[in-house]
>>> print(open('my_file-v5.csv').read())   # CSV, C-alpha atoms and all ligand atoms
chain,number,residue,atom,x,y,z
A,1,MET,CA,6.5,-37.6,-1.7
A,2,THR,CA,7.3,-33.9,-1.1
A,3,ARG,CA,6.0,-32.3,2.1
A,4,LEU,CA,3.8,-29.3,1.7
A,5,VAL,CA,2.7,-26.4,3.8
A,6,ASP,CA,0.0,-24.4,2.0
A,7,VAL,CA,-1.4,-21.0,2.8
A,8,ARG,CA,-4.2,-22.1,5.1
A,9,ASN,CA,-1.9,-24.3,7.1
A,10,MET,CA,0.8,-21.6,7.3
A,11,ALA,CA,-1.7,-19.1,8.6
A,12,ARG,CA,-3.0,-21.7,11.1
A,13,TRP,CA,0.5,-22.6,12.3
A,14,ILE,CA,1.4,-18.9,12.8
A,15,ALA,CA,-1.9,-18.3,14.6
A,16,ASP,CA,-1.7,-21.4,16.8
A,17,HIS,CA,1.9,-20.7,17.9
A,18,GLY,CA,1.7,-16.9,17.9
A,19,PRO,CA,3.7,-14.7,15.4
A,20,ASP,CA,6.0,-13.6,18.2
A,21,ARG,CA,7.0,-17.2,19.1
A,22,CYS,CA,7.4,-18.0,15.4
A,23,ILE,CA,9.7,-15.0,15.0
A,24,ALA,CA,11.7,-15.8,18.2
A,25,GLY,CA,12.4,-19.3,16.9
A,26,LEU,CA,13.2,-18.0,13.4
A,27,ILE,CA,15.7,-15.4,14.8
A,28,GLU,CA,17.7,-18.3,16.3
A,29,TYR,CA,17.8,-20.3,13.0
A,30,LEU,CA,18.8,-17.1,11.1
A,31,ASP,CA,21.5,-16.4,13.7
A,32,ALA,CA,22.8,-20.0,13.4
A,33,ASP,CA,22.9,-19.8,9.5
A,34,PHE,CA,24.5,-16.4,9.4
A,35,ARG,CA,27.2,-17.8,11.7
A,36,ARG,CA,28.0,-20.5,9.1
A,37,TRP,CA,27.9,-18.1,6.2
A,38,GLU,CA,31.0,-19.4,4.6
A,39,GLN,CA,29.5,-22.8,4.1
A,40,PHE,CA,26.8,-21.6,1.7
A,41,ASP,CA,26.7,-21.1,-2.0
A,42,LYS,CA,26.0,-17.4,-2.6
A,43,SER,CA,25.0,-15.3,-5.6
A,44,PRO,CA,22.8,-12.2,-6.2
A,45,ARG,CA,19.3,-13.3,-6.9
A,46,VAL,CA,18.1,-13.7,-10.5
A,47,ALA,CA,15.7,-10.8,-11.4
A,48,SER,CA,13.3,-10.3,-14.3
A,49,HIS,CA,12.2,-6.6,-14.4
A,50,THR,CA,9.2,-5.2,-16.2
A,51,PRO,CA,7.5,-1.8,-15.9
A,52,PHE,CA,5.0,-3.5,-13.5
A,53,GLY,CA,7.6,-4.9,-11.0
A,54,VAL,CA,10.0,-7.7,-10.6
A,55,ILE,CA,10.0,-11.5,-10.4
A,56,GLU,CA,13.0,-13.1,-8.7
A,57,LEU,CA,14.6,-16.5,-7.9
A,58,MET,CA,16.7,-16.7,-4.8
A,59,PRO,CA,18.8,-19.9,-4.6
A,60,THR,CA,21.4,-21.1,-2.1
A,61,SER,CA,22.8,-24.4,-0.7
A,62,ASP,CA,24.8,-25.6,2.3
A,63,HIS,CA,25.8,-28.7,0.3
A,64,GLU,CA,23.4,-30.9,2.2
A,65,THR,CA,20.2,-29.0,1.4
A,66,TYR,CA,19.4,-26.8,-1.6
A,67,GLY,CA,16.8,-24.1,-1.3
A,68,PHE,CA,15.2,-21.4,-3.4
A,69,LYS,CA,12.4,-18.9,-3.2
A,70,TYR,CA,10.2,-17.5,-6.0
A,71,VAL,CA,9.2,-13.9,-5.1
A,72,ASN,CA,7.6,-11.0,-6.8
A,73,GLY,CA,7.6,-7.2,-6.0
A,74,HIS,CA,4.9,-5.2,-7.7
A,75,PRO,CA,4.3,-1.9,-5.9
A,76,SER,CA,1.2,-1.0,-8.0
A,77,ASN,CA,-0.5,-4.3,-7.2
A,78,PRO,CA,-2.6,-3.1,-4.2
A,79,GLN,CA,-4.4,-0.6,-6.3
A,80,ARG,CA,-5.4,-3.5,-8.6
A,81,GLY,CA,-6.4,-5.7,-5.7
A,82,PHE,CA,-3.3,-7.8,-5.6
A,83,GLN,CA,-0.5,-8.0,-3.0
A,84,THR,CA,2.9,-6.2,-3.6
A,85,VAL,CA,4.9,-9.3,-2.6
A,86,THR,CA,4.0,-13.0,-2.9
A,87,ALA,CA,6.3,-16.0,-2.7
A,88,PHE,CA,6.7,-19.8,-2.4
A,89,GLY,CA,9.9,-21.8,-1.7
A,90,VAL,CA,11.4,-25.2,-1.9
A,91,LEU,CA,14.0,-27.3,-0.1
A,92,ALA,CA,15.7,-30.2,-1.9
A,93,ASP,CA,18.0,-33.0,-0.9
A,94,VAL,CA,21.4,-32.4,-2.4
A,95,HIS,CA,22.3,-36.2,-2.6
A,96,ASN,CA,19.7,-37.0,-5.2
A,97,GLY,CA,18.3,-33.5,-6.1
A,98,TYR,CA,14.7,-34.4,-5.1
A,99,PRO,CA,12.5,-31.6,-3.7
A,100,THR,CA,11.6,-32.6,-0.1
A,101,PHE,CA,9.7,-29.6,1.2
A,102,LEU,CA,7.5,-27.0,-0.5
A,103,ALA,CA,5.8,-24.1,1.3
A,104,GLU,CA,3.9,-20.9,0.7
A,105,MET,CA,6.2,-18.1,1.5
A,106,THR,CA,4.2,-14.9,1.4
A,107,LEU,CA,3.5,-15.1,5.1
A,108,LEU,CA,6.8,-16.8,5.7
A,109,THR,CA,8.7,-14.0,4.0
A,110,ALA,CA,7.0,-11.4,6.2
A,111,LEU,CA,8.1,-13.4,9.3
A,112,ARG,CA,11.7,-13.9,8.0
A,113,THR,CA,12.1,-10.3,6.9
A,114,ALA,CA,10.9,-9.1,10.3
A,115,ALA,CA,13.1,-11.7,12.1
A,116,THR,CA,16.2,-10.7,10.1
A,117,SER,CA,15.5,-7.0,10.9
A,118,ALA,CA,15.2,-7.8,14.6
A,119,LEU,CA,18.3,-10.0,14.7
A,120,ILE,CA,20.3,-7.1,13.1
A,121,ALA,CA,18.7,-4.5,15.4
A,122,ARG,CA,19.5,-6.7,18.4
A,123,THR,CA,23.1,-6.5,17.3
A,124,LEU,CA,23.3,-2.9,16.2
A,125,ALA,CA,20.7,-0.7,17.9
A,126,ARG,CA,21.3,1.0,21.2
A,127,PRO,CA,20.3,-1.4,23.9
A,128,ASP,CA,18.2,1.4,25.6
A,129,SER,CA,16.1,1.9,22.5
A,130,GLN,CA,12.4,2.3,23.3
A,131,VAL,CA,10.6,4.0,20.5
A,132,MET,CA,10.4,2.9,16.8
A,133,ALA,CA,9.1,5.1,14.0
A,134,MET,CA,7.6,3.1,11.1
A,135,ILE,CA,7.2,4.7,7.6
A,136,GLY,CA,4.9,2.4,5.6
A,137,THR,CA,2.2,0.3,7.3
A,138,GLY,CA,1.5,-2.2,4.5
A,139,SER,CA,1.7,-6.0,4.6
A,140,GLN,CA,5.1,-6.3,6.2
A,141,ALA,CA,4.5,-3.7,9.0
A,142,GLU,CA,2.8,-5.7,11.7
A,143,PHE,CA,5.3,-8.4,11.5
A,144,GLN,CA,8.2,-5.9,11.8
A,145,ALA,CA,6.5,-4.4,14.9
A,146,MET,CA,6.1,-7.8,16.5
A,147,ALA,CA,9.7,-8.8,15.8
A,148,PHE,CA,11.0,-5.6,17.4
A,149,ARG,CA,8.9,-6.2,20.5
A,150,GLU,CA,10.1,-9.8,20.7
A,151,ALA,CA,13.8,-9.0,20.2
A,152,LEU,CA,14.2,-5.5,21.8
A,153,GLY,CA,11.1,-5.0,23.9
A,154,ILE,CA,9.9,-2.1,21.8
A,155,THR,CA,6.2,-1.4,22.4
A,156,THR,CA,5.9,2.3,21.5
A,157,LEU,CA,5.4,3.0,17.8
A,158,ARG,CA,5.1,6.2,15.8
A,159,VAL,CA,3.7,5.4,12.4
A,160,TYR,CA,3.1,7.2,9.1
A,161,ASP,CA,1.8,6.0,5.7
A,162,VAL,CA,0.6,8.0,2.7
A,163,ASP,CA,-2.5,5.8,2.8
A,164,PRO,CA,-4.7,6.5,5.8
A,165,ASP,CA,-6.5,3.2,5.3
A,166,ALA,CA,-3.2,1.3,5.7
A,167,ILE,CA,-2.6,3.2,9.0
A,168,ALA,CA,-6.1,2.4,10.3
A,169,LYS,CA,-5.5,-1.3,9.4
A,170,PHE,CA,-2.2,-1.3,11.3
A,171,VAL,CA,-3.7,0.3,14.4
A,172,ARG,CA,-6.7,-2.1,14.3
A,173,ASN,CA,-4.4,-5.1,14.1
A,174,LEU,CA,-1.8,-4.1,16.7
A,175,LYS,CA,-3.6,-2.0,19.3
A,176,PRO,CA,-5.4,-5.0,20.8
A,177,LEU,CA,-2.0,-6.7,21.1
A,178,GLY,CA,-0.7,-4.1,23.6
A,179,PHE,CA,1.2,-1.7,21.4
A,180,SER,CA,1.2,2.0,22.1
A,181,ILE,CA,0.7,3.6,18.7
A,182,GLU,CA,0.9,7.3,17.8
A,183,VAL,CA,-0.1,8.2,14.3
A,184,ALA,CA,2.0,11.0,12.8
A,185,ALA,CA,1.0,13.6,10.2
A,186,ASN,CA,4.1,13.0,8.2
A,187,ALA,CA,7.4,11.0,8.2
A,188,SER,CA,9.4,13.8,9.9
A,189,GLU,CA,7.0,13.9,12.8
A,190,ALA,CA,7.0,10.1,13.1
A,191,VAL,CA,10.8,10.0,13.2
A,192,ARG,CA,11.3,12.9,15.7
A,193,GLY,CA,12.8,11.4,19.0
A,194,ALA,CA,12.6,7.8,17.8
A,195,ASP,CA,15.5,5.4,18.6
A,196,ILE,CA,14.8,3.1,15.7
A,197,VAL,CA,13.3,4.0,12.3
A,198,THR,CA,11.9,1.3,10.0
A,199,THR,CA,11.2,2.4,6.4
A,200,CYS,CA,8.9,-0.2,4.7
A,201,THR,CA,7.3,1.5,1.7
A,202,ALA,CA,6.7,0.2,-1.8
A,203,ASP,CA,7.3,2.5,-4.8
A,204,LYS,CA,9.3,1.7,-7.9
A,205,GLN,CA,11.3,4.9,-7.8
A,206,LEU,CA,14.2,6.6,-6.1
A,207,ALA,CA,11.9,8.0,-3.3
A,208,THR,CA,12.9,10.1,-0.3
A,209,VAL,CA,10.9,8.6,2.5
A,210,LEU,CA,13.5,9.5,5.1
A,211,HIS,CA,15.3,12.8,5.0
A,212,ASP,CA,18.8,13.4,6.3
A,213,LYS,CA,17.7,16.3,8.5
A,214,ASP,CA,15.4,13.9,10.4
A,215,VAL,CA,18.1,11.4,11.3
A,216,THR,CA,19.8,12.1,14.6
A,217,GLU,CA,22.8,10.6,16.4
A,218,GLY,CA,22.3,7.2,17.9
A,219,MET,CA,19.5,6.1,15.7
A,220,HIS,CA,19.3,2.6,14.1
A,221,LEU,CA,17.7,2.7,10.7
A,222,ASN,CA,16.0,-0.5,9.4
A,223,ALA,CA,15.5,0.2,5.7
A,224,ILE,CA,13.4,-2.5,4.2
A,225,GLY,CA,11.7,-1.1,1.1
A,226,GLY,CA,14.6,-0.2,-1.1
A,227,ASP,CA,15.3,-3.6,-2.6
A,228,CYS,CA,15.5,-3.2,-6.4
A,229,PRO,CA,17.5,-1.2,-9.0
A,230,GLY,CA,15.9,2.3,-9.1
A,231,LYS,CA,13.9,1.7,-5.9
A,232,THR,CA,15.3,3.3,-2.8
A,233,GLU,CA,13.9,5.1,0.2
A,234,LEU,CA,16.6,7.2,1.9
A,235,GLU,CA,18.1,10.6,1.1
A,236,PRO,CA,21.6,9.6,0.0
A,237,ALA,CA,23.3,12.1,2.4
A,238,ILE,CA,22.2,9.7,5.2
A,239,LEU,CA,24.7,7.1,3.9
A,240,ASP,CA,27.6,9.6,4.4
A,241,ARG,CA,26.8,9.7,8.2
A,242,ALA,CA,25.8,6.2,8.9
A,243,LYS,CA,27.7,2.9,9.4
A,244,VAL,CA,26.1,0.7,6.7
A,245,PHE,CA,25.4,-3.0,7.3
A,246,VAL,CA,24.3,-5.4,4.5
A,247,GLU,CA,23.4,-9.0,4.0
A,248,TYR,CA,25.4,-9.9,0.9
A,249,THR,CA,27.4,-7.1,-0.6
A,250,PRO,CA,27.2,-8.1,-4.3
A,251,GLN,CA,23.4,-8.2,-4.2
A,252,THR,CA,23.0,-5.1,-2.1
A,253,LEU,CA,25.2,-3.1,-4.5
A,254,ILE,CA,22.6,-3.9,-7.2
A,255,GLU,CA,19.5,-3.5,-5.2
A,256,GLY,CA,20.0,-1.6,-1.9
A,257,GLU,CA,20.3,2.0,-0.8
A,258,ILE,CA,24.0,1.7,-1.7
A,259,GLN,CA,23.3,1.2,-5.4
A,260,HIS,CA,24.4,4.7,-6.3
A,261,GLN,CA,27.4,4.9,-4.0
A,262,PRO,CA,30.9,5.2,-5.5
A,263,GLU,CA,33.0,2.1,-5.9
A,264,GLY,CA,34.7,1.1,-2.7
A,265,PHE,CA,32.0,2.5,-0.5
A,266,GLU,CA,32.5,0.9,2.9
A,267,VAL,CA,29.9,-1.6,4.2
A,268,THR,CA,30.0,-4.4,6.7
A,269,GLU,CA,28.2,-7.7,6.2
A,270,LEU,CA,26.1,-8.9,9.2
A,271,TRP,CA,27.7,-12.3,9.5
A,272,GLU,CA,31.1,-10.6,10.1
A,273,VAL,CA,29.6,-8.7,13.1
A,274,LEU,CA,27.9,-11.8,14.5
A,275,LEU,CA,31.2,-13.7,14.3
A,276,GLY,CA,33.1,-10.8,15.9
A,277,ARG,CA,35.3,-10.3,12.8
A,278,LYS,CA,34.1,-6.7,12.3
A,279,GLU,CA,32.7,-4.1,14.6
A,280,GLY,CA,29.1,-3.1,14.8
A,281,ARG,CA,28.0,-0.1,16.8
A,282,THR,CA,31.0,1.3,18.7
A,283,SER,CA,29.3,4.3,20.4
A,284,PRO,CA,25.9,5.4,21.5
A,285,GLU,CA,26.2,8.3,18.9
A,286,ASP,CA,26.7,6.0,15.9
A,287,ILE,CA,24.0,6.0,13.3
A,288,THR,CA,23.7,2.4,12.2
A,289,LEU,CA,21.9,1.5,9.0
A,290,PHE,CA,20.7,-1.9,7.9
A,291,ASP,CA,20.3,-1.7,4.1
A,292,SER,CA,18.0,-4.6,3.8
A,293,VAL,CA,17.2,-6.3,0.5
A,294,GLY,CA,16.4,-9.9,1.6
A,295,PHE,CA,18.9,-12.6,0.9
A,296,ALA,CA,18.5,-16.3,-0.1
A,297,ILE,CA,20.1,-17.7,3.1
A,298,GLU,CA,17.3,-16.0,5.1
A,299,ASP,CA,14.7,-17.9,3.1
A,300,PHE,CA,16.7,-21.1,3.5
A,301,SER,CA,16.7,-20.5,7.3
A,302,ALA,CA,12.9,-19.8,7.3
A,303,LEU,CA,12.1,-22.9,5.3
A,304,ARG,CA,14.4,-25.0,7.5
A,305,TYR,CA,12.8,-23.7,10.6
A,306,LEU,CA,9.3,-24.3,9.3
A,307,ARG,CA,10.2,-27.8,8.1
A,308,ASP,CA,11.5,-28.7,11.5
A,309,GLN,CA,8.5,-27.2,13.4
A,310,VAL,CA,5.8,-28.8,11.4
A,311,ALA,CA,7.4,-32.3,10.9
A,312,GLY,CA,4.9,-35.0,11.8
A,313,THR,CA,2.0,-32.5,12.4
A,314,ASP,CA,-1.2,-31.9,10.5
A,315,TYR,CA,0.2,-28.5,9.4
A,316,GLU,CA,1.9,-30.4,6.6
A,317,SER,CA,0.6,-32.7,3.9
A,318,GLU,CA,2.2,-34.6,1.0
A,319,ILE,CA,2.2,-33.6,-2.6
A,320,ASP,CA,3.1,-36.0,-5.5
A,321,LEU,CA,5.6,-33.6,-7.2
A,322,VAL,CA,8.3,-35.9,-8.4
A,323,ALA,CA,7.7,-38.4,-11.2
A,324,ALA,CA,9.6,-41.4,-9.8
A,325,PRO,CA,8.9,-44.6,-11.8
A,326,GLU,CA,9.9,-47.9,-10.2
A,327,ASP,CA,12.4,-48.5,-13.0
A,328,PRO,CA,14.3,-45.1,-13.0
A,329,LYS,CA,14.8,-45.4,-16.8
A,330,ASP,CA,11.2,-46.1,-17.6
A,331,LEU,CA,9.7,-42.7,-17.3
A,332,PHE,CA,7.6,-43.3,-20.5
A,333,GLY,CA,6.0,-46.3,-18.8
A,334,MET,CA,4.3,-43.9,-16.4
A,335,VAL,CA,2.5,-42.3,-19.3
A,336,GLY,CA,1.7,-45.8,-20.8
A,337,ALA,CA,-0.2,-46.7,-17.6
A,338,PHE,CA,-2.8,-44.1,-18.5
A,339,SER,CA,-2.9,-44.7,-22.3
A,340,PRO,CA,-6.3,-45.8,-23.6
A,341,VAL,CA,-6.2,-49.5,-24.2
A,342,GLY,CA,-6.2,-50.7,-27.8
B,1,LIG,P1,2.7,-2.9,0.7
B,1,LIG,O1,2.5,-2.4,-0.6
B,1,LIG,O2,1.8,-3.8,1.4
B,1,LIG,O3,3.0,-1.7,1.7
B,1,LIG,C1,3.7,-0.6,1.4
B,1,LIG,C2,3.1,0.7,2.1
B,1,LIG,O4,4.0,1.8,1.8
B,1,LIG,C3,1.8,1.0,1.6
B,1,LIG,O5,0.8,1.1,2.6
B,1,LIG,C4,2.0,2.4,0.9
B,1,LIG,O6,0.8,3.3,1.0
B,1,LIG,C5,3.2,2.9,1.7
B,1,LIG,N1,3.9,4.0,1.1
B,1,LIG,C6,4.4,4.1,-0.2
B,1,LIG,N2,5.1,5.2,-0.4
B,1,LIG,C7,5.1,5.9,0.8
B,1,LIG,C8,5.7,7.0,1.3
B,1,LIG,N3,6.4,7.8,0.4
B,1,LIG,N4,5.6,7.4,2.6
B,1,LIG,C9,4.9,6.6,3.4
B,1,LIG,N5,4.3,5.5,3.0
B,1,LIG,C10,4.4,5.1,1.7
B,1,LIG,O7,4.2,-3.6,0.7
B,1,LIG,P2,4.9,-4.6,1.7
B,1,LIG,O8,4.6,-6.0,1.4
B,1,LIG,O9,4.6,-4.1,3.1
B,1,LIG,O10,6.4,-4.3,1.4
B,1,LIG,C11,7.0,-3.0,1.7
B,1,LIG,C12,8.3,-2.9,1.0
B,1,LIG,O11,9.2,-3.9,1.5
B,1,LIG,C13,8.2,-3.3,-0.5
B,1,LIG,O12,9.0,-2.3,-1.2
B,1,LIG,C14,8.8,-4.6,-0.6
B,1,LIG,O13,9.4,-4.8,-1.9
B,1,LIG,C15,9.9,-4.6,0.5
B,1,LIG,N6,10.2,-5.9,1.0
B,1,LIG,C16,11.5,-6.0,1.4
B,1,LIG,C17,12.0,-7.2,2.0
B,1,LIG,C18,13.4,-7.3,2.4
B,1,LIG,O14,13.8,-8.4,2.7
B,1,LIG,N7,14.1,-6.3,2.4
B,1,LIG,C19,11.1,-8.2,2.2
B,1,LIG,C20,9.7,-8.1,1.8
B,1,LIG,C21,9.3,-6.9,1.3
>>> encode(input="my_file-v5.csv", output="structure tokens", more="lines below")
Ligand code: NAD
Amino acid sequence: MTRLVDVRNMARWIADHGPDRCIAGLIEYLDADFRRWEQFDKSPRVASHTPFGVIELMPTSDHETYGFKYVNGHPSNPQRGFQTVTAFGVLADVHNGYPTFLAEMTLLTALRTAATSALIARTLARPDSQVMAMIGTGSQAEFQAMAFREALGITTLRVYDVDPDAIAKFVRNLKPLGFSIEVAANASEAVRGADIVTTCTADKQLATVLHDKDVTEGMHLNAIGGDCPGKTELEPAILDRAKVFVEYTPQTLIEGEIQHQPEGFEVTELWEVLLGRKEGRTSPEDITLFDSVGFAIEDFSALRYLRDQVAGTDYESEIDLVAAPEDPKDLFGMVGAFSPVG
């Protein structure tokens, strides 16, 4: 039997434990897996693009466990009553290839994206950071805010979204949780004086959500929404001034803010900083940029964390997913058992 965490139980698990505690635990799993980066199989994700959006498969393995996530990105979905991003994922046992754990990952992706951002900001942002600007207050936004509070103690947010309803939703969800939220009239106003800037918008185009003139020395930029060919958020001039950090360079070159940079453009992978092989921020004046696209190892960590947390609890159930006849060669016999007699 394969263990399953469905949507209802995922939401219940997050609510019961608190999103901040879930994120805190996940940060430690991500940290541990980034530190054993060289053990994993790595490849850019497999993407199927259409005019509507993209559907992607994200596989990896540490040679004991194999994992993959199915995820979509459809920026026009909310106008049609659907979500921009949905996902599910699987862990499998490498020794026999059987799937052992299956989970909804729309909520889990929001947790893992936020936890990854926070892990990286904890490593790269100025330790005295106090104010975060957030451009884009859609599905990911609250999770991002909670992760930055958990990892860096940020409680003051300046937010902007082109959709006033999305801002109202964000304020409604987070005000009661103790955040101080200032709504800005535009992105420039939100960013002014911020220590950290999170861009988390969805638009299938080369957008300029954050302008170079608004980026000042010492900022940490957490650029989440540019994660597909032809879908970026930053004015390219920002990349000339910032130190750029990525998850996995071959994938980020295809999908990230760096997709239009000339060959040989210098980036640092996060795992190298965590292991002390390369420098992160070296001065309070540095502008650090996390060019986030989301990588398979983060989903592997998230599934591994969830699997360990829910083991033996009623958040998980079992699903009969693998056809496993008693005689491993008699697959046909399983059908025969249901054939009409005579
Ligand atoms: P969403 O559609 O729920 O929210 C996006 C928000 O951005 C919307 O409220 C929209 O009104 C706003 N927006 C669009 N253009 C804007 C602009 N120019 N200025 C200000 N606001 C603008 O999407 P989501 O699920 O929150 O995801 C946000 C983005 O993050 C998507 O592009 C998604 O693909 C990406 N994402 C990245 C990762 C990662 O690991 N890097 C993970 C999940 C999602």
>>> closest_residue(input="my_file-v5.csv", among="A:His260, A:Arg281, A:Arg45, A:Arg126", to="A:Gly294", atoms="all atoms listed in the file")
A:Arg45
>>> residues_near_ligand(input="my_file-v5.csv", ligand="ligand LIG 1 (chain B)", cutoff="7 Å", atoms="all atoms listed in the file", output="number ranges by chain")
A: 73, 75, 78, 83-85, 109-110, 113, 135-141, 160-163, 166, 187, 200-203, 207-209, 224-227, 292-295
>>> residues_around(input="my_file-v5.csv", residues="A:Ala11", least_positions_apart="5", cutoff="12 Å", atoms="all atoms listed in the file", output="ChimeraX atom specification")
/A:5-6,16-19,22,103-108,110-111,315
>>> atom_distance(input="my_file-v5.csv", atom1="atom CA of A:Arg304", atom2="atom CA of A:Thr86")
19.0 Å
>>> closest_atom_pairs(input="my_file-v5.csv", of="stretch 184-298 of chain A", to="stretch 61-68 of chain A", cutoff="12 Å", atoms="all atoms listed in the file", output="CSV")
residue,atom,partner,partner_atom,distance
A:Phe295,CA,A:Phe68,CA,10.5
A:Ala296,CA,A:Phe68,CA,6.9
A:Ile297,CA,A:Ser61,CA,8.2
A:Glu298,CA,A:Phe68,CA,10.3
>>> residues_around(input="my_file-v5.csv", residues="A:Pro99", least_positions_apart="4", cutoff="10 Å", atoms="only C-alpha atoms", output="NGL selection string")
:A and (1-3 or 65-67 or 90-94 or 321-322)
>>> atom_distance(input="my_file-v5.csv", atom1="atom CA of A:Met132", atom2="atom CA of A:Gly230")
26.5 Å
>>> closest_residue(input="my_file-v5.csv", among="A:Ala323, A:Leu234, A:Ala121, A:Ile167", to="A:Ile27", atoms="only C-alpha atoms")
A:Ala121
>>> residues_around(input="my_file-v5.csv", residues="A:Glu285", least_positions_apart="2", cutoff="6 Å", atoms="only C-alpha atoms", output="PyMOL selection string")
chain A and resi 217-218+283
>>> closest_residue(input="my_file-v5.csv", among="A:Ala115, A:Leu57, A:Ile14, A:Ala337", to="A:Ser301", atoms="all atoms listed in the file")
A:Ala115
>>> closest_atom_pairs(input="my_file-v5.csv", of="stretch 283-315 of chain A", to="stretch 267-270 of chain A", cutoff="10 Å", atoms="only C-alpha atoms", output="tab-separated table")
residue	atom	partner	partner_atom	distance
A:Leu289	CA	A:Val267	CA	9.8
A:Phe290	CA	A:Leu270	CA	8.9
A:Asp291	CA	A:Val267	CA	9.6
>>> closest_residue(input="my_file-v5.csv", among="A:Gln39, A:Glu189, A:Leu102, A:Asp299", to="A:Asp320", atoms="all atoms listed in the file")
A:Leu102
